[in-house]
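Next comes protein_17.pdb, a file with PDB, C-alpha atoms (C1' of nucleotides).
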```pdb
ATOM      1  CA  MET A   1     193.314 180.679 -17.730
ATOM      2  CA  PRO A   2     192.993 177.526 -15.652
ATOM      3  CA  ASN A   3     196.013 176.609 -13.593
ATOM      4  CA  GLN A   4     195.773 173.103 -14.987
ATOM      5  CA  GLN A   5     198.771 172.537 -17.160
ATOM      6  CA  ALA A   6     199.651 175.993 -18.398
ATOM      7  CA  SER A   7     202.761 175.803 -20.523
ATOM      8  CA  PRO A   8     206.000 177.169 -19.062
ATOM      9  CA  LEU A   9     205.902 179.920 -21.653
ATOM     10  CA  ASP A  10     202.406 180.878 -20.558
ATOM     11  CA  ARG A  11     203.480 181.078 -16.953
ATOM     12  CA  VAL A  12     206.648 183.005 -17.619
ATOM     13  CA  PHE A  13     204.939 185.640 -19.741
ATOM     14  CA  HIS A  14     202.194 185.898 -17.176
ATOM     15  CA  GLY A  15     204.820 186.288 -14.516
ATOM     16  CA  LEU A  16     206.354 189.137 -16.432
ATOM     17  CA  ALA A  17     203.034 190.866 -17.069
ATOM     18  CA  ASP A  18     203.075 192.779 -13.828
ATOM     19  CA  PRO A  19     205.155 195.831 -12.954
ATOM     20  CA  THR A  20     205.661 194.742  -9.355
ATOM     21  CA  ARG A  21     207.024 191.392 -10.418
ATOM     22  CA  ARG A  22     209.251 192.908 -13.067
ATOM     23  CA  ALA A  23     210.558 195.369 -10.518
ATOM     24  CA  VAL A  24     211.304 192.499  -8.168
ATOM     25  CA  LEU A  25     213.229 190.712 -10.887
ATOM     26  CA  ASN A  26     215.051 193.884 -11.656
ATOM     27  CA  ARG A  27     216.023 194.426  -8.052
ATOM     28  CA  LEU A  28     216.914 190.779  -7.720
ATOM     29  CA  SER A  29     219.243 191.050 -10.655
ATOM     30  CA  SER A  30     221.711 192.859  -8.442
ATOM     31  CA  GLY A  31     221.836 190.032  -5.942
ATOM     32  CA  PRO A  32     219.729 187.822  -3.668
ATOM     33  CA  ALA A  33     217.497 189.489  -1.126
ATOM     34  CA  ALA A  34     215.133 188.639   1.697
ATOM     35  CA  VAL A  35     211.362 188.993   1.599
ATOM     36  CA  SER A  36     211.044 192.143   3.651
ATOM     37  CA  GLU A  37     213.923 193.757   1.854
ATOM     38  CA  LEU A  38     212.235 193.031  -1.443
ATOM     39  CA  ALA A  39     208.831 194.119  -0.210
ATOM     40  CA  ASN A  40     210.086 197.352   1.250
ATOM     41  CA  PRO A  41     209.810 199.601  -1.846
ATOM     42  CA  PHE A  42     206.234 198.575  -2.557
ATOM     43  CA  PRO A  43     203.204 200.177  -0.982
ATOM     44  CA  MET A  44     201.144 197.018  -0.785
ATOM     45  CA  SER A  45     200.611 194.690   2.140
ATOM     46  CA  LEU A  46     203.079 191.918   2.766
ATOM     47  CA  PRO A  47     200.707 189.048   1.985
ATOM     48  CA  ALA A  48     199.820 190.683  -1.316
ATOM     49  CA  PHE A  49     203.476 191.021  -2.102
ATOM     50  CA  LEU A  50     204.087 187.414  -1.128
ATOM     51  CA  GLN A  51     201.631 186.316  -3.783
ATOM     52  CA  HIS A  52     203.774 188.015  -6.378
ATOM     53  CA  LEU A  53     206.815 186.187  -5.087
ATOM     54  CA  ASP A  54     204.835 182.952  -5.266
ATOM     55  CA  VAL A  55     203.947 183.621  -8.875
ATOM     56  CA  LEU A  56     207.578 184.290  -9.694
ATOM     57  CA  GLU A  57     208.635 181.117  -7.958
ATOM     58  CA  GLU A  58     205.929 178.968  -9.517
ATOM     59  CA  CYS A  59     206.935 179.976 -13.001
ATOM     60  CA  GLY A  60     210.528 179.237 -12.071
ATOM     61  CA  LEU A  61     211.918 182.722 -12.460
ATOM     62  CA  VAL A  62     213.205 182.740  -8.888
ATOM     63  CA  LYS A  63     214.090 180.292  -6.175
ATOM     64  CA  SER A  64     214.058 180.776  -2.458
ATOM     65  CA  ARG A  65     215.688 179.300   0.594
ATOM     66  CA  LYS A  66     214.791 179.825   4.177
ATOM     67  CA  THR A  67     217.558 180.097   6.699
ATOM     68  CA  GLY A  68     216.456 180.803  10.225
ATOM     69  CA  ARG A  69     213.368 182.930   9.880
ATOM     70  CA  VAL A  70     214.597 184.796   6.828
ATOM     71  CA  ARG A  71     213.673 183.638   3.345
ATOM     72  CA  THR A  72     216.117 184.662   0.680
ATOM     73  CA  TYR A  73     215.183 184.915  -2.981
ATOM     74  CA  GLN A  74     217.436 184.646  -5.972
ATOM     75  CA  LEU A  75     217.064 184.545  -9.726
ATOM     76  CA  THR A  76     216.756 181.526 -11.989
ATOM     77  CA  PRO A  77     217.445 182.538 -15.565
ATOM     78  CA  LYS A  78     216.416 179.380 -17.405
ATOM     79  CA  PRO A  79     212.715 180.090 -17.979
ATOM     80  CA  LEU A  80     213.481 183.607 -19.064
ATOM     81  CA  LYS A  81     215.687 182.185 -21.747
ATOM     82  CA  ALA A  82     212.684 180.286 -23.029
ATOM     83  CA  ALA A  83     210.687 183.493 -23.228
ATOM     84  CA  GLU A  84     213.516 185.280 -24.915
ATOM     85  CA  GLY A  85     213.949 182.396 -27.291
ATOM     86  CA  TRP A  86     210.348 182.576 -28.360
ATOM     87  CA  LEU A  87     210.503 186.310 -28.819
ATOM     88  CA  GLU A  88     213.685 186.151 -30.811
ATOM     89  CA  GLN A  89     212.303 183.424 -33.009
ATOM     90  CA  GLN A  90     209.152 185.399 -33.634
ATOM     91  CA  ARG A  91     211.050 188.569 -34.305
ATOM     92  CA  SER A  92     213.121 186.849 -36.908
ATOM     93  CA  LEU A  93     209.989 185.636 -38.606
ATOM     94  CA  TRP A  94     208.425 189.046 -38.317
ATOM     95  CA  SER A  95     211.320 191.020 -39.603
ATOM     96  CA  ARG A  96     211.508 188.712 -42.559
ATOM     97  CA  ARG A  97     207.998 189.917 -43.245
ATOM     98  CA  LEU A  98     208.627 193.572 -42.557
ATOM     99  CA  ASP A  99     209.550 194.508 -46.058
ATOM    100  CA  GLN A 100     206.332 193.065 -47.331
ATOM    101  CA  LEU A 101     204.387 194.705 -44.543
ATOM    102  CA  ASP A 102     205.924 198.021 -45.315
ATOM    103  CA  THR A 103     203.730 198.715 -48.283
ATOM    104  CA  TYR A 104     200.739 197.386 -46.444
ATOM    105  CA  LEU A 105     201.396 199.552 -43.415
ATOM    106  CA  SER A 106     201.845 202.803 -45.260
ATOM    107  CA  ASP A 107     198.740 201.925 -47.173
ATOM    108  CA  LEU A 108     196.909 201.542 -43.869
ATOM    109  CA  LYS A 109     198.156 204.860 -42.568
ATOM    110  CA  GLU A 110     196.784 206.722 -45.542
ATOM    111  CA  GLN A 111     193.425 205.052 -45.301
ATOM    112  CA  LYS A 112     192.968 205.717 -41.587
ATOM    113  CA  PRO A 113     193.506 209.408 -40.869
TER
ATOM    114  CA  MET B   1     195.094 193.451 -12.706
ATOM    115  CA  PRO B   2     192.929 196.521 -13.240
ATOM    116  CA  ASN B   3     192.644 197.737 -16.780
ATOM    117  CA  GLN B   4     193.257 201.273 -15.585
ATOM    118  CA  GLN B   5     196.494 202.440 -17.071
ATOM    119  CA  ALA B   6     198.454 199.252 -17.469
ATOM    120  CA  SER B   7     201.865 199.979 -18.936
ATOM    121  CA  PRO B   8     202.501 198.899 -22.525
ATOM    122  CA  LEU B   9     204.945 196.325 -21.227
ATOM    123  CA  ASP B  10     202.268 194.908 -18.940
ATOM    124  CA  ARG B  11     199.844 194.605 -21.791
ATOM    125  CA  VAL B  12     202.310 193.089 -24.213
ATOM    126  CA  PHE B  13     203.462 190.418 -21.798
ATOM    127  CA  HIS B  14     199.892 189.686 -20.881
ATOM    128  CA  GLY B  15     199.086 189.455 -24.564
ATOM    129  CA  LEU B  16     201.841 186.911 -25.005
ATOM    130  CA  ALA B  17     200.820 184.866 -21.963
ATOM    131  CA  ASP B  18     198.306 182.774 -23.872
ATOM    132  CA  PRO B  19     199.010 179.929 -26.267
ATOM    133  CA  THR B  20     196.134 180.862 -28.557
ATOM    134  CA  ARG B  21     197.369 184.399 -28.921
ATOM    135  CA  ARG B  22     200.955 183.303 -29.464
ATOM    136  CA  ALA B  23     199.769 180.856 -32.086
ATOM    137  CA  VAL B  24     197.876 183.642 -33.804
ATOM    138  CA  LEU B  25     200.976 185.798 -33.860
ATOM    139  CA  ASN B  26     202.938 182.881 -35.162
ATOM    140  CA  ARG B  27     200.485 182.237 -37.939
ATOM    141  CA  LEU B  28     200.277 185.929 -38.663
ATOM    142  CA  SER B  29     204.006 186.086 -39.065
ATOM    143  CA  SER B  30     203.644 184.421 -42.437
ATOM    144  CA  GLY B  31     201.311 187.103 -43.701
ATOM    145  CA  PRO B  32     198.033 188.934 -43.020
ATOM    146  CA  ALA B  33     194.895 186.874 -42.585
ATOM    147  CA  ALA B  34     191.175 187.303 -42.060
ATOM    148  CA  VAL B  35     189.317 186.545 -38.847
ATOM    149  CA  SER B  36     187.754 183.253 -39.870
ATOM    150  CA  GLU B  37     190.957 182.075 -41.438
ATOM    151  CA  LEU B  38     192.781 182.823 -38.201
ATOM    152  CA  ALA B  39     190.057 181.288 -36.075
ATOM    153  CA  ASN B  40     189.833 178.125 -38.098
ATOM    154  CA  PRO B  41     192.539 176.042 -36.352
ATOM    155  CA  PHE B  42     191.159 176.719 -32.884
ATOM    156  CA  PRO B  43     188.404 174.695 -31.256
ATOM    157  CA  MET B  44     186.818 177.619 -29.439
ATOM    158  CA  SER B  45     183.812 179.683 -30.418
ATOM    159  CA  LEU B  46     184.274 182.670 -32.650
ATOM    160  CA  PRO B  47     183.373 185.306 -30.056
ATOM    161  CA  ALA B  48     185.890 183.792 -27.659
ATOM    162  CA  PHE B  49     188.484 183.906 -30.372
ATOM    163  CA  LEU B  50     187.578 187.492 -31.178
ATOM    164  CA  GLN B  51     188.400 188.456 -27.626
ATOM    165  CA  HIS B  52     191.907 187.173 -28.157
ATOM    166  CA  LEU B  53     192.217 189.237 -31.289
ATOM    167  CA  ASP B  54     190.971 192.241 -29.333
ATOM    168  CA  VAL B  55     193.623 191.694 -26.691
ATOM    169  CA  LEU B  56     196.300 191.474 -29.351
ATOM    170  CA  GLU B  57     195.061 194.629 -30.985
ATOM    171  CA  GLU B  58     194.706 196.581 -27.749
ATOM    172  CA  CYS B  59     198.277 195.887 -26.787
ATOM    173  CA  GLY B  60     199.319 196.951 -30.255
ATOM    174  CA  LEU B  61     200.750 193.662 -31.422
ATOM    175  CA  VAL B  62     198.435 193.579 -34.422
ATOM    176  CA  LYS B  63     196.353 195.946 -36.467
ATOM    177  CA  SER B  64     193.256 195.248 -38.451
ATOM    178  CA  ARG B  65     191.369 196.701 -41.362
ATOM    179  CA  LYS B  66     187.946 195.860 -42.567
ATOM    180  CA  THR B  67     187.300 195.731 -46.257
ATOM    181  CA  GLY B  68     183.844 194.693 -47.229
ATOM    182  CA  ARG B  69     182.750 192.241 -44.616
ATOM    183  CA  VAL B  70     186.181 190.740 -44.123
ATOM    184  CA  ARG B  71     188.484 192.019 -41.401
ATOM    185  CA  THR B  72     192.128 191.415 -42.106
ATOM    186  CA  TYR B  73     194.735 191.279 -39.365
ATOM    187  CA  GLN B  74     198.423 191.954 -39.648
ATOM    188  CA  LEU B  75     201.379 192.247 -37.313
ATOM    189  CA  THR B  76     202.781 195.355 -35.657
ATOM    190  CA  PRO B  77     206.237 194.638 -34.352
ATOM    191  CA  LYS B  78     206.880 197.766 -32.312
ATOM    192  CA  PRO B  79     205.497 196.673 -28.943
ATOM    193  CA  LEU B  80     207.214 193.339 -29.219
ATOM    194  CA  LYS B  81     210.470 195.166 -29.528
ATOM    195  CA  ALA B  82     209.735 196.787 -26.199
ATOM    196  CA  ALA B  83     209.208 193.398 -24.609
ATOM    197  CA  GLU B  84     212.313 192.045 -26.180
ATOM    198  CA  GLY B  85     214.213 195.100 -25.091
ATOM    199  CA  TRP B  86     213.210 194.591 -21.501
ATOM    200  CA  LEU B  87     214.116 190.935 -21.606
ATOM    201  CA  GLU B  88     217.451 191.581 -23.208
ATOM    202  CA  GLN B  89     218.254 194.266 -20.706
ATOM    203  CA  GLN B  90     217.345 191.992 -17.846
ATOM    204  CA  ARG B  91     219.275 189.117 -19.278
ATOM    205  CA  SER B  92     222.369 191.228 -19.521
ATOM    206  CA  LEU B  93     221.994 192.164 -15.886
ATOM    207  CA  TRP B  94     221.339 188.573 -14.948
ATOM    208  CA  SER B  95     224.175 187.057 -16.836
ATOM    209  CA  ARG B  96     226.489 189.581 -15.283
ATOM    210  CA  ARG B  97     225.365 188.041 -12.027
ATOM    211  CA  LEU B  98     225.575 184.457 -13.157
ATOM    212  CA  ASP B  99     229.144 183.924 -12.106
ATOM    213  CA  GLN B 100     228.334 185.107  -8.647
ATOM    214  CA  LEU B 101     225.173 183.034  -8.608
ATOM    215  CA  ASP B 102     227.089 180.008  -9.681
ATOM    216  CA  THR B 103     228.563 179.354  -6.302
ATOM    217  CA  TYR B 104     225.287 180.153  -4.664
ATOM    218  CA  LEU B 105     223.371 177.817  -6.934
ATOM    219  CA  SER B 106     225.622 174.836  -6.515
ATOM    220  CA  ASP B 107     225.522 175.520  -2.824
ATOM    221  CA  LEU B 108     221.734 175.362  -3.020
ATOM    222  CA  LYS B 109     221.782 172.135  -4.964
ATOM    223  CA  GLU B 110     223.829 170.404  -2.352
ATOM    224  CA  GLN B 111     221.657 171.610   0.453
ATOM    225  CA  LYS B 112     218.406 170.559  -1.224
ATOM    226  CA  PRO B 113     218.639 166.920  -2.299
TER
ATOM    227  C1'  DC C   1     164.302 190.608 -53.638
ATOM    228  C1'  DG C   2     165.986 186.634 -50.397
ATOM    229  C1'  DT C   3     169.621 184.061 -48.424
ATOM    230  C1'  DA C   4     174.000 182.682 -47.192
ATOM    231  C1'  DT C   5     178.477 184.458 -45.289
ATOM    232  C1'  DA C   6     181.639 187.140 -42.093
ATOM    233  C1'  DG C   7     181.753 189.480 -38.042
ATOM    234  C1'  DT C   8     179.886 191.678 -34.115
ATOM    235  C1'  DT C   9     177.352 192.493 -29.852
ATOM    236  C1'  DA C  10     175.011 191.126 -25.581
ATOM    237  C1'  DA C  11     174.327 188.575 -21.646
ATOM    238  C1'  DC C  12     175.911 185.350 -18.735
ATOM    239  C1'  DC C  13     179.031 182.130 -15.915
ATOM    240  C1'  DG C  14     182.924 179.831 -13.440
ATOM    241  C1'  DT C  15     187.451 180.645 -12.114
ATOM    242  C1'  DG C  16     191.694 183.400 -11.264
ATOM    243  C1'  DT C  17     194.001 187.542  -9.902
ATOM    244  C1'  DG C  18     195.232 191.116  -6.840
ATOM    245  C1'  DC C  19     194.480 193.226  -3.001
ATOM    246  C1'  DC C  20     193.084 193.633   1.957
ATOM    247  C1'  DT C  21     192.778 192.525   7.236
ATOM    248  C1'  DA C  22     193.385 189.511  10.981
ATOM    249  C1'  DA C  23     195.212 185.868  13.061
ATOM    250  C1'  DC C  24     198.889 182.837  13.431
ATOM    251  C1'  DC C  25     203.703 180.343  13.736
ATOM    252  C1'  DA C  26     208.693 180.414  14.335
ATOM    253  C1'  DA C  27     213.072 182.254  15.491
ATOM    254  C1'  DC C  28     215.938 185.464  17.897
ATOM    255  C1'  DA C  29     216.932 189.046  21.697
ATOM    256  C1'  DG C  30     216.873 190.158  26.372
TER
ATOM    257  C1'  DC D   1     209.912 183.084  29.825
ATOM    258  C1'  DT D   2     208.478 187.353  27.246
ATOM    259  C1'  DG D   3     208.430 190.228  23.603
ATOM    260  C1'  DT D   4     209.661 191.466  18.909
ATOM    261  C1'  DT D   5     210.747 190.508  14.367
ATOM    262  C1'  DG D   6     210.074 187.994   9.801
ATOM    263  C1'  DG D   7     206.981 185.264   7.352
ATOM    264  C1'  DT D   8     202.942 182.622   6.627
ATOM    265  C1'  DT D   9     198.034 181.177   6.473
ATOM    266  C1'  DA D  10     193.042 182.024   6.229
ATOM    267  C1'  DG D  11     189.262 184.291   4.634
ATOM    268  C1'  DG D  12     187.007 187.632   2.034
ATOM    269  C1'  DC D  13     186.068 190.981  -1.713
ATOM    270  C1'  DA D  14     185.945 193.280  -6.385
ATOM    271  C1'  DC D  15     186.910 192.627 -10.765
ATOM    272  C1'  DA D  16     189.248 190.756 -14.996
ATOM    273  C1'  DC D  17     189.693 186.717 -17.904
ATOM    274  C1'  DG D  18     188.297 183.071 -20.856
ATOM    275  C1'  DG D  19     184.787 180.815 -22.372
ATOM    276  C1'  DT D  20     179.802 179.840 -23.709
ATOM    277  C1'  DT D  21     175.105 180.620 -26.467
ATOM    278  C1'  DA D  22     171.926 183.525 -28.793
ATOM    279  C1'  DA D  23     170.705 187.305 -31.354
ATOM    280  C1'  DC D  24     172.041 190.842 -34.411
ATOM    281  C1'  DT D  25     174.359 193.610 -38.452
ATOM    282  C1'  DA D  26     176.219 194.020 -42.764
ATOM    283  C1'  DT D  27     178.152 192.631 -47.083
ATOM    284  C1'  DA D  28     178.023 189.492 -51.001
ATOM    285  C1'  DC D  29     175.669 186.394 -54.153
ATOM    286  C1'  DG D  30     172.017 184.649 -57.318
TER
END
```

As structure tokens, what does this structure read like?
Amino acid sequence: MPNQQASPLDRVFHGLADPTRRAVLNRLSSGPAAVSELANPFPMSLPAFLQHLDVLEECGLVKSRKTGRVRTYQLTPKPLKAAEGWLEQQRSLWSRRLDQLDTYLSDLKEQKP
Amino acid sequence: MPNQQASPLDRVFHGLADPTRRAVLNRLSSGPAAVSELANPFPMSLPAFLQHLDVLEECGLVKSRKTGRVRTYQLTPKPLKAAEGWLEQQRSLWSRRLDQLDTYLSDLKEQKP
DNA sequence: CGTATAGTTAACCGTGTGCCTAACCAACAG
DNA sequence: CTGTTGGTTAGGCACACGGTTAACTATACG
């Protein structure tokens, strides 16, 4: 995936496709935190962890501000709403199909023991 | 991201982090379809497209069955529910924080013209 | 049979991702 | 000023990802 012009949705889902980053978001959901505080629970090196924070910031899921020598991160919920919107929209389409799939699925099950 | 033991959530989000794959899911939401029919709208080569289908199938978002020489793909909504569940859970945490963030955010805005 | 059609596999290639170590600022603390 | 703390930058490495072309298999058709 070239960095050139990936859609926001692409970037958000990619941002979410990593347990470290999701954990960061999760932790961040209970309030802003500094880099080292965020990095603390993770066994990786600090530069490696910083890359994750960069990814999160580039896809707009978090913002940061540096005061003194401490950089504080906080959430930005807008792009996540986009992701959720897409999912919800898809789910509604899917579930509308579920009844029709039902027969198909049970058919599949029987033919693939 | 090593393939070794990526969590289902990892794989689903990664599966969704590509416009081609999302488009496939979208198209698939209006009913099962064969490989070439799915591949038709996309400008890439068929093997490249097949890789996308493989990704979707490996993360459980779709299933396929081959009858004759035609492989038909169809949706599997379970893993998407997991993704949606995570998002919804996060959003609830986030929005609970939004009021507190509000002050913080407007503060940020003013300090970053 | 022979040939077209639908997928599949194999080999390769450029770029991105995720991690590391080491070196490097910048801001306090004393 | 000196040292420590909190981040950051640089460089490198292994591998996954997304794409290609070419060759191959297997079903359908006539």

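Atom CA of His14 of chain B lies 8.7 Å from atom CA of Gly15 of chain A.
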
Practice prompt. Please check which residues have atoms at most 12 Å from (174.4, 189.6, -21.6) in the file's coordinates, counting only C-alpha atoms (C1' of nucleotides), and write them as an MDAnalysis selection string.
Written response: (chainID C and resid 9:13) or (chainID D and resid 20:23)

Worksheet entry | the PyMOL selection byres ((chain A) within 7 of (chain C)) applied to the shown file, residues as number ranges by chain | A: 48, 68-69

Subject >> atom CA of Ala6 of chain B to atom C1' of DG18 of chain D, distance in Å rounded to a single decimal >> reply: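 Value for the atom CA of Ala6 of chain B-atom C1' of DG18 of chain D distance: 19.4 Å.
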
Query raised in the report: Applied to this file, what does the PyMOL selection byres ((chain A) within 12 of (chain D)) return in terms of residues, put as JSON, numbers by chain?
Result: {"A": [1, 2, 34, 35, 36, 37, 39, 46, 47, 48, 49, 50, 51, 66, 67, 68, 69, 70, 71, 72]}

Q) Can you tell me how far atom CA of Asp18 of chain A sits from atom CA of Ser7 of chain B, in Å to one decimal? A)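 Distance between the two atoms: 8.9 Å.
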
Exercise for review: Check what the PyMOL selection byres ((chain A) within 7 of (chain B)) selects in the file above and give those residues as a ChimeraX atom specification.
Suggested key: /A:10-11,13-14,16-19,26,29,84,87,90,93-94,97

To box segment 13-28 of chain D, take all atoms listed in the file, fit an axis-aligned box, add 8 Å on each side, and give centre and edge lengths in Å to one decimal, as lines of an AutoDock Vina configuration file.
```
center_x = 180.2
center_y = 186.9
center_z = -26.4
size_x = 35.0
size_y = 30.2
size_z = 65.3
```
